[in-house]
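Asks: Sharing work.txt here; it has compact mmCIF, C-alpha atoms.
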# COMPACT_ATOMS: atom_id res chain seq x y z
CA MET A 1 3.44 -24.85 -4.65
CA THR A 2 6.15 -23.27 -2.50
CA VAL A 3 5.99 -19.65 -1.41
CA PRO A 4 9.21 -18.01 -2.62
CA PRO A 5 11.51 -16.70 0.09
CA TYR A 6 11.83 -13.04 0.81
CA ARG A 7 14.56 -11.00 2.42
CA PRO A 8 13.10 -8.51 4.90
CA ARG A 9 15.54 -6.54 6.98
CA PRO A 10 15.93 -8.33 10.32
CA VAL A 11 13.64 -6.74 12.86
CA ALA A 12 12.44 -8.45 16.02
CA LEU A 13 8.75 -9.28 16.21
CA THR A 14 6.89 -8.06 19.24
CA THR A 15 5.17 -10.52 21.55
CA THR A 16 1.84 -8.80 21.06
CA PHE A 17 1.75 -9.52 17.36
CA LEU A 18 3.79 -12.71 17.05
CA ALA A 19 0.62 -14.71 16.52
CA MET A 20 -0.33 -12.52 13.60
CA THR A 21 2.56 -13.55 11.39
CA ALA A 22 2.40 -15.67 8.27
CA LEU A 23 -1.33 -15.13 7.77
CA LEU A 24 -2.83 -16.00 4.43
CA ALA A 25 -5.65 -14.03 2.88
CA ALA A 26 -8.15 -15.07 0.25
CA GLY A 27 -7.94 -14.76 -3.53
CA CYS A 28 -8.31 -11.55 -5.46
CA ALA A 29 -10.87 -10.59 -8.06
CA LYS A 30 -10.13 -9.93 -11.71
CA SER A 31 -8.75 -6.59 -12.83
CA GLU A 32 -10.65 -4.68 -15.47
CA LYS A 33 -7.62 -4.76 -17.75
CA ASP A 34 -5.50 -7.74 -16.84
CA GLN A 35 -5.61 -11.41 -16.14
CA PRO A 36 -6.57 -12.58 -12.63
CA THR A 37 -4.18 -11.17 -10.06
CA GLY A 38 -4.68 -13.60 -7.21
CA GLY A 39 -5.84 -17.02 -6.19
CA GLY A 40 -4.11 -20.19 -5.12
CA SER A 41 -2.42 -21.30 -1.95
CA ALA A 42 0.85 -19.59 -2.78
CA GLN A 43 -0.36 -16.10 -1.87
CA ALA A 44 1.88 -14.37 0.65
CA GLY A 45 0.11 -12.96 3.69
CA GLN A 46 1.27 -9.93 5.61
CA VAL A 47 3.98 -10.42 8.22
CA VAL A 48 4.37 -8.01 11.11
CA GLN A 49 7.72 -6.23 11.12
CA SER A 50 7.41 -3.94 14.12
CA PRO A 51 5.13 -1.39 15.75
CA SER A 52 6.57 2.06 16.36
CA GLY A 53 9.85 2.39 18.21
CA SER A 54 8.29 3.21 21.56
CA ALA A 55 5.25 1.02 20.81
CA PRO A 56 2.68 3.04 22.79
CA SER A 57 -0.45 0.99 23.32
CA CYS A 58 -4.13 1.75 23.07
CA THR A 59 -6.95 -0.03 24.87
CA ILE A 60 -10.69 0.32 24.52
CA ASP A 61 -10.84 1.79 28.05
CA LYS A 62 -8.20 4.39 27.21
CA PHE A 63 -10.04 5.17 23.99
CA GLY A 64 -13.29 5.63 25.88
CA GLY A 65 -15.24 2.91 24.13
CA THR A 66 -17.13 -0.14 25.30
CA LYS A 67 -16.78 -3.79 24.37
CA PHE A 68 -19.12 -5.23 21.75
CA ASP A 69 -19.62 -8.43 19.78
CA LEU A 70 -17.61 -7.97 16.61
CA LYS A 71 -19.26 -10.89 14.83
CA THR A 72 -22.79 -9.55 15.07
CA SER A 73 -22.13 -5.81 14.85
CA VAL A 74 -22.06 -3.55 11.80
CA VAL A 75 -18.45 -3.07 10.70
CA GLY A 76 -17.73 -0.63 7.90
CA PHE A 77 -14.92 -0.81 5.35
CA SER A 78 -14.25 2.28 3.25
CA GLN A 79 -12.23 1.73 0.08
CA SER A 80 -10.75 4.85 -1.46
CA GLU A 81 -10.14 4.18 -5.14
CA LYS A 82 -11.73 2.60 -8.16
CA GLU A 83 -11.07 -1.10 -8.19
CA ALA A 84 -9.34 -1.17 -11.55
CA ASN A 85 -6.06 -1.07 -9.62
CA PRO A 86 -4.94 -4.60 -8.60
CA PHE A 87 -3.82 -3.29 -5.20
CA ARG A 88 -7.34 -2.12 -4.40
CA ILE A 89 -8.91 -5.28 -5.78
CA ALA A 90 -6.71 -7.44 -3.56
CA GLU A 91 -7.23 -5.19 -0.55
CA THR A 92 -11.03 -5.28 -0.69
CA ALA A 93 -11.07 -9.00 -1.47
CA SER A 94 -8.89 -9.67 1.58
CA ILE A 95 -11.17 -7.65 3.88
CA LYS A 96 -14.29 -9.44 2.62
CA ALA A 97 -12.72 -12.89 2.75
CA GLU A 98 -11.41 -12.48 6.29
CA ALA A 99 -14.75 -11.11 7.55
CA LYS A 100 -16.44 -14.20 6.14
CA GLN A 101 -13.75 -16.44 7.63
CA GLU A 102 -14.23 -14.87 11.07
CA GLY A 103 -18.02 -15.03 10.92
CA ILE A 104 -18.47 -11.24 10.90
CA THR A 105 -21.95 -10.95 9.46
CA GLY A 106 -22.38 -7.17 9.52
CA LEU A 107 -19.60 -6.09 7.17
CA ARG A 108 -20.61 -3.21 4.92
CA THR A 109 -18.24 -1.95 2.20
CA THR A 110 -18.17 1.30 0.28
CA ASN A 111 -15.94 2.71 -2.46
CA GLY A 112 -15.05 6.38 -2.79
CA GLN A 113 -14.27 5.95 -6.51
CA SER A 114 -11.15 8.10 -6.11
CA GLN A 115 -13.26 11.08 -4.94
CA PHE A 116 -12.38 12.27 -1.46
CA SER A 117 -15.72 14.00 -0.88
CA LYS A 118 -17.50 10.75 -1.70
CA GLN A 119 -15.32 8.75 0.67
CA ILE A 120 -16.08 11.18 3.49
CA SER A 121 -19.80 10.89 2.71
CA ASP A 122 -19.51 7.09 2.54
CA VAL A 123 -18.00 6.87 6.01
CA GLN A 124 -20.54 9.27 7.45
CA GLN A 125 -23.28 7.03 6.06
CA LEU A 126 -21.67 3.98 7.64
CA ILE A 127 -21.72 5.80 10.98
CA ALA A 128 -25.37 6.72 10.47
CA GLN A 129 -26.13 3.07 9.69
CA GLY A 130 -24.87 2.06 13.12
CA ALA A 131 -21.30 0.96 12.46
CA LYS A 132 -19.58 -0.08 15.67
CA ALA A 133 -16.13 -0.08 14.08
CA LEU A 134 -14.55 1.27 10.90
CA VAL A 135 -11.66 0.10 8.74
CA ILE A 136 -10.63 2.88 6.36
CA ALA A 137 -8.21 2.93 3.42
CA PRO A 138 -7.91 6.73 3.19
CA LEU A 139 -7.61 8.48 -0.15
CA ASN A 140 -6.01 11.56 1.48
CA SER A 141 -4.23 11.98 4.79
CA ASP A 142 -5.84 15.34 5.62
CA GLY A 143 -9.46 16.48 5.74
CA TRP A 144 -10.92 13.77 7.97
CA GLU A 145 -12.13 16.08 10.77
CA PRO A 146 -15.89 15.72 10.04
CA VAL A 147 -15.66 11.92 10.19
CA LEU A 148 -13.38 11.89 13.23
CA GLN A 149 -15.71 14.18 15.16
CA GLN A 150 -18.77 12.04 14.41
CA ALA A 151 -16.93 8.82 15.24
CA ALA A 152 -15.53 10.27 18.48
CA ALA A 153 -19.01 11.29 19.62
CA LYS A 154 -20.04 7.62 19.44
CA HIS A 155 -16.65 6.20 20.50
CA ILE A 156 -16.34 4.26 17.24
CA PRO A 157 -12.85 2.74 16.84
CA ILE A 158 -11.19 3.44 13.48
CA ILE A 159 -8.36 1.40 12.00
CA THR A 160 -6.64 2.91 8.97
CA VAL A 161 -4.90 0.64 6.49
CA ASP A 162 -2.39 1.34 3.71
CA ARG A 163 -2.38 5.12 4.22
CA LYS A 164 -2.28 7.20 7.38
CA ILE A 165 -4.52 10.04 8.41
CA ASN A 166 -3.04 13.09 10.09
CA ALA A 167 -4.66 12.75 13.49
CA THR A 168 -3.91 11.46 16.99
CA ALA A 169 -3.69 7.72 17.67
CA CYS A 170 -5.95 6.34 20.43
CA LYS A 171 -7.95 9.56 20.31
CA ASP A 172 -9.11 10.15 16.75
CA TYR A 173 -8.35 6.60 15.55
CA VAL A 174 -6.93 3.53 17.27
CA THR A 175 -4.13 2.30 15.00
CA PHE A 176 -2.60 2.30 11.51
CA ILE A 177 -1.65 -0.92 9.70
CA GLY A 178 0.64 -0.67 6.71
CA SER A 179 4.11 -0.55 5.25
CA ASP A 180 7.03 1.70 6.09
CA PHE A 181 6.76 3.88 3.00
CA TYR A 182 9.99 5.77 3.66
CA GLN A 183 11.86 2.48 3.75
CA GLN A 184 10.12 1.43 0.53
CA GLY A 185 11.55 4.54 -1.11
CA LYS A 186 15.02 3.78 0.23
CA ARG A 187 14.87 0.19 -0.96
CA ALA A 188 13.71 1.35 -4.40
CA ALA A 189 16.72 3.69 -4.46
CA ASP A 190 19.05 0.82 -3.57
CA GLN A 191 17.68 -1.15 -6.51
CA MET A 192 18.07 1.89 -8.77
CA ILE A 193 21.69 2.32 -7.70
CA LYS A 194 22.37 -1.29 -8.70
CA ALA A 195 20.53 -0.87 -11.99
CA LEU A 196 22.60 2.19 -12.94
CA ASN A 197 25.86 1.19 -11.31
CA GLY A 198 25.66 4.41 -9.31
CA LYS A 199 25.54 6.85 -12.22
CA GLY A 200 22.77 8.20 -14.46
CA LYS A 201 19.70 10.37 -14.83
CA VAL A 202 16.39 9.38 -13.28
CA ALA A 203 12.79 10.44 -13.83
CA VAL A 204 10.33 10.09 -10.94
CA LEU A 205 6.66 9.30 -11.48
CA LEU A 206 5.13 10.67 -8.30
CA GLY A 207 2.00 9.27 -6.71
CA SER A 208 -1.05 11.41 -6.03
CA SER A 209 -0.60 14.43 -3.79
CA GLY A 210 -2.16 14.84 -0.36
CA ASN A 211 -1.22 11.52 1.20
CA ASN A 212 1.72 10.24 3.23
CA VAL A 213 2.53 7.39 0.82
CA THR A 214 3.67 9.73 -1.95
CA THR A 215 5.58 11.99 0.45
CA GLU A 216 7.43 9.19 2.20
CA ARG A 217 8.23 7.12 -0.89
CA THR A 218 9.63 10.26 -2.52
CA ASN A 219 11.68 11.36 0.49
CA GLY A 220 13.06 7.89 1.12
CA PHE A 221 14.16 7.54 -2.49
CA LYS A 222 15.76 10.97 -2.75
CA ASP A 223 17.50 10.75 0.62
CA GLU A 224 19.04 7.38 -0.21
CA ILE A 225 20.17 8.47 -3.67
CA ALA A 226 21.78 11.61 -2.25
CA LYS A 227 23.54 9.62 0.45
CA GLN A 228 24.64 6.56 -1.49
CA ALA A 229 24.93 7.61 -5.14
CA PRO A 230 25.76 11.28 -5.80
CA GLY A 231 26.44 10.28 -9.40
CA ILE A 232 22.72 9.76 -9.95
CA GLN A 233 20.70 12.87 -10.81
CA ILE A 234 16.93 13.23 -10.60
CA THR A 235 16.27 15.37 -13.67
CA PHE A 236 12.49 15.01 -14.06
CA GLN A 237 9.53 14.44 -11.75
CA GLN A 238 5.81 14.73 -12.27
CA THR A 239 2.73 13.20 -10.72
CA GLY A 240 1.15 10.21 -12.38
CA ASP A 241 -1.58 9.99 -9.71
CA PHE A 242 -0.88 6.28 -9.14
CA ALA A 243 -2.73 5.61 -12.44
CA ARG A 244 -1.56 3.61 -15.43
CA GLU A 245 -2.92 5.97 -18.08
CA LYS A 246 -1.40 9.00 -16.37
CA GLY A 247 1.91 7.19 -15.96
CA GLN A 248 1.94 6.51 -19.68
CA GLN A 249 1.13 10.12 -20.54
CA VAL A 250 3.80 11.54 -18.23
CA THR A 251 6.40 9.11 -19.56
CA GLU A 252 5.56 10.07 -23.14
CA GLN A 253 6.16 13.71 -22.22
CA MET A 254 9.37 12.81 -20.42
CA ILE A 255 10.75 10.95 -23.45
CA GLN A 256 10.32 14.11 -25.53
CA SER A 257 11.59 16.63 -22.98
CA HIS A 258 14.33 14.54 -21.36
CA PRO A 259 15.58 12.02 -23.93
CA ASP A 260 18.76 11.46 -21.93
CA VAL A 261 16.96 9.88 -18.94
CA ASN A 262 18.41 6.45 -18.09
CA ALA A 263 15.84 5.22 -15.57
CA ILE A 264 12.38 5.70 -14.09
CA TYR A 265 11.30 5.40 -10.46
CA ALA A 266 7.55 4.81 -10.42
CA GLU A 267 5.91 5.11 -7.01
CA ASN A 268 3.48 2.33 -7.85
CA ASP A 269 3.26 -0.51 -10.35
CA GLU A 270 0.36 0.92 -12.31
CA MET A 271 2.42 3.96 -13.30
CA ALA A 272 5.37 1.67 -14.07
CA LEU A 273 3.20 -0.38 -16.42
CA GLY A 274 2.04 2.82 -18.09
CA ALA A 275 5.70 3.77 -18.51
CA VAL A 276 6.40 0.42 -20.16
CA THR A 277 3.63 1.08 -22.69
CA ALA A 278 5.07 4.52 -23.44
CA LEU A 279 8.59 3.15 -23.89
CA LYS A 280 7.36 0.47 -26.25
CA GLY A 281 5.48 3.12 -28.24
CA ALA A 282 8.66 5.15 -28.52
CA GLY A 283 10.53 2.21 -30.00
CA LYS A 284 12.60 1.47 -26.91
CA LYS A 285 13.77 -2.06 -26.14
CA ALA A 286 13.45 -3.90 -22.85
CA GLY A 287 16.16 -2.68 -20.51
CA ASP A 288 17.03 0.49 -22.43
CA ILE A 289 15.55 2.51 -19.57
CA LYS A 290 15.65 0.86 -16.15
CA ILE A 291 12.39 0.92 -14.19
CA VAL A 292 12.03 0.41 -10.44
CA SER A 293 8.59 0.53 -8.84
CA VAL A 294 6.64 -0.26 -5.70
CA ASP A 295 3.65 -2.61 -5.14
CA GLY A 296 4.28 -6.16 -6.32
CA THR A 297 1.38 -6.78 -8.67
CA ARG A 298 1.61 -9.90 -10.79
CA ASN A 299 1.57 -7.83 -13.96
CA ALA A 300 4.59 -5.80 -12.83
CA VAL A 301 6.51 -8.83 -11.62
CA SER A 302 5.92 -10.48 -15.00
CA GLN A 303 7.57 -7.45 -16.63
CA ILE A 304 10.72 -8.19 -14.62
CA VAL A 305 10.74 -11.62 -16.27
CA SER A 306 10.38 -10.00 -19.70
CA GLY A 307 13.08 -7.44 -18.92
CA TRP A 308 11.01 -4.24 -19.01
CA ILE A 309 11.11 -3.63 -15.25
CA TYR A 310 14.32 -3.98 -13.26
CA ALA A 311 12.92 -4.46 -9.75
CA VAL A 312 9.78 -4.04 -7.63
CA VAL A 313 9.52 -3.38 -3.88
CA GLU A 314 6.41 -5.06 -2.54
CA SER A 315 3.58 -3.27 -0.73
CA ASN A 316 1.32 -6.10 0.46
CA PRO A 317 -2.41 -5.25 0.22
CA ARG A 318 -3.82 -8.30 2.02
CA PHE A 319 -4.93 -6.43 5.15
CA GLY A 320 -7.92 -8.59 6.11
CA PRO A 321 -6.31 -10.94 8.67
CA LEU A 322 -4.29 -8.29 10.48
CA ALA A 323 -7.11 -5.73 10.42
CA PHE A 324 -9.68 -8.04 11.98
CA GLN A 325 -7.29 -9.67 14.44
CA THR A 326 -6.19 -6.23 15.61
CA LEU A 327 -9.78 -5.04 15.87
CA SER A 328 -10.79 -8.19 17.75
CA LYS A 329 -8.00 -7.71 20.30
CA PHE A 330 -9.01 -4.09 20.77
CA VAL A 331 -12.74 -4.67 21.34
CA ASN A 332 -11.91 -7.50 23.76
CA GLY A 333 -9.90 -5.11 25.92
CA GLU A 334 -6.37 -6.11 24.90
CA PRO A 335 -3.76 -3.40 24.21
CA ILE A 336 -2.69 -2.72 20.63
CA PRO A 337 0.21 -0.54 19.37
CA ASP A 338 -0.45 2.80 17.71
CA LYS A 339 0.85 1.39 14.42
CA VAL A 340 1.53 -2.05 13.01
CA ILE A 341 4.26 -2.08 10.35
CA ILE A 342 4.44 -5.00 7.94
CA SER A 343 7.46 -6.49 6.17
CA ASP A 344 7.54 -6.33 2.37
CA ARG A 345 9.49 -8.44 -0.10
CA GLU A 346 11.45 -7.37 -3.15
CA TYR A 347 11.28 -8.81 -6.65
CA ASP A 348 14.14 -8.78 -9.15
CA SER A 349 15.54 -11.02 -11.87
CA SER A 350 16.74 -13.53 -9.26
CA ASN A 351 13.26 -14.42 -7.97
CA ALA A 352 10.59 -12.88 -10.24
CA LYS A 353 9.76 -15.96 -12.29
CA GLN A 354 9.23 -18.25 -9.33
CA SER A 355 7.41 -15.50 -7.43
CA LEU A 356 4.64 -14.88 -9.95
CA ALA A 357 2.20 -17.24 -8.24
CA SER A 358 2.38 -15.35 -4.94
CA ALA A 359 2.13 -11.85 -6.43
CA TYR A 360 -1.34 -10.32 -6.53
Give the structure from the file, written as structure tokens.

Replies:
Amino acid sequence: MTVPPYRPRPVALTTTFLAMTALLAAGCAKSEKDQPTGGGSAQAGQVVQSPSGSAPSCTIDKFGGTKFDLKTSVVGFSQSEKEANPFRIAETASIKAEAKQEGITGLRTTNGQSQFSKQISDVQQLIAQGAKALVIAPLNSDGWEPVLQQAAAKHIPIITVDRKINATACKDYVTFIGSDFYQQGKRAADQMIKALNGKGKVAVLLGSSGNNVTTERTNGFKDEIAKQAPGIQITFQQTGDFAREKGQQVTEQMIQSHPDVNAIYAENDEMALGAVTALKGAGKKAGDIKIVSVDGTRNAVSQIVSGWIYAVVESNPRFGPLAFQTLSKFVNGEPIPDKVIISDREYDSSNAKQSLASAY
């Protein structure tokens, strides 16, 4: 099976991370609500786009740590949300699969179950259990001071994936690996402009508050709309907390209060799928209201094929290979950048059908 092509914006790869490109992660588990969302050789691994513009580097000496054997040490992974969301399922599966592939025998995983206080407690327990390194998918960007202080006291390197924490790189944590969320918002806006031919009324289903993903996907979308399509108005916005049920509820309210809305920007696929359910319940037909979302789950991509979703900007959750290769370089004394930005594909009617096998 052939991996479908994607069209990332041309950015030069850095020498440091050239070897990290085109990595394939392992299959995903089954969602609680949907058919399997992974598996097969066609899965698309993360591809490095670029570190930060100035690409400052961090080394274990600069961080104040000491080298250790990654394969035999305790390594903690903290997942933030309930694994009913395909993104989280794929993310955890990728971390576990890559640890097994690399022979890392001390991996310990926890799940905050969408409760920030529990995630903080989980990470503190991992530290108490002797973790030498931590990979964290943060629920919130703020509030990590208790963990950072405990980790700093033991010089435990922290890599954050998917979401950032508001702290200092190479001091409080060593690097962030993830997408450029502002650019995701801009690219979603570009798709929305095409969907509406530059004119219409849009509702925004916001992600959960308190993290940089929601802020940057919102700002990127609004900035691009304002710049490129002044004929498009954002007339409704409300948080759907990145959840399908909440996305459905908010869309149902929106249909009643703003019946003239032409399109929906959902800041993740789960909310978009909830919106589809609400539109069907209201007697709408596929394509009546254009939907653009972010993530790239198989279930959302399939709705492009059926006509209910116009386009999806990918946010690749398969962090395992990059996370452990980055961590391995760091503990072996090699410099790493303060952030590693990955390239993401886009799905629309031109490639959705042939891309289903590589979506998660």

Asks: Looking at A:Ala352, A:Ala153, A:Val74, A:Leu139, which one is nearest to Thr109 in chain A, with distances taken over all atoms listed in the file?

Replies: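 Result for the nearest residue to Thr109 in chain A: A:Val74.
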
Asks: Looking at all atoms listed in the file, which of A:Ala93, A:Leu322, A:Ile177, A:Leu273 is the one that sits closest to Lys339 in chain A?

Replies: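 That would be A:Ile177, the residue with the smallest distance to Lys339 in chain A.
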
Asks: So which residues touch Leu327 in chain A within 10 Å, counting only C-alpha atoms, skipping near sequence neighbours fewer than 5 positions away, as number ranges by chain?

Replies: A: 70, 133-135, 157-159, 174-175, 321-322, 332, 334, 336

Asks: What would the file look like if the residues just selected were written as a tab-separated table (two decimals), in the frame of the given file with C-alpha atoms?

Replies:
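Ended up saving to result_28.tsv:
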chain	number	residue	atom	x	y	z
A	70	LEU	CA	-17.61	-7.97	16.61
A	133	ALA	CA	-16.13	-0.08	14.08
A	134	LEU	CA	-14.55	1.27	10.90
A	135	VAL	CA	-11.66	0.10	8.74
A	157	PRO	CA	-12.85	2.74	16.84
A	158	ILE	CA	-11.19	3.44	13.48
A	159	ILE	CA	-8.36	1.40	12.00
A	174	VAL	CA	-6.93	3.53	17.27
A	175	THR	CA	-4.13	2.30	15.00
A	321	PRO	CA	-6.31	-10.94	8.67
A	322	LEU	CA	-4.29	-8.29	10.48
A	332	ASN	CA	-11.91	-7.50	23.76
A	334	GLU	CA	-6.37	-6.11	24.90
A	336	ILE	CA	-2.69	-2.72	20.63

Asks: Grab the CA of Asp269 in chain A to CA of Leu205 in chain A distance for me, in Å with one decimal place.

Replies: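 Computed distance, CA of Asp269 in chain A to CA of Leu205 in chain A, equals 10.4 Å.
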
Asks: Please measure the separation of CA of Leu356 in chain A and CA of Ala263 in chain A, giving the value in Å to one decimal.

Replies: 23.7 Å

Asks: Considering all atoms listed in the file, return as a ChimeraX atom specification whatever protein or nucleic-acid residues lie within 9 Å of range 113-128 of chain A, sequence-local ones (same chain, fewer than 5 positions apart) excluded.

Replies: /A:74-83,108,133-134,136,138-140,143-144,146-147,150-151,154,156

Asks: Which residue gives the smallest distance to Pro337 in chain A among A:Gly274, A:Gly283, A:Gly45, A:Pro56, with only C-alpha atoms counted?

Replies: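 Closest to Pro337 in chain A, using only C-alpha atoms: A:Pro56.
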
Asks: Check the smallest atom-to-atom distance from each of A:Asn316, A:Ala272, A:Gly281, A:Phe63 to Gln303 in chain A using only C-alpha atoms, then report the winner.

Replies: A:Ala272
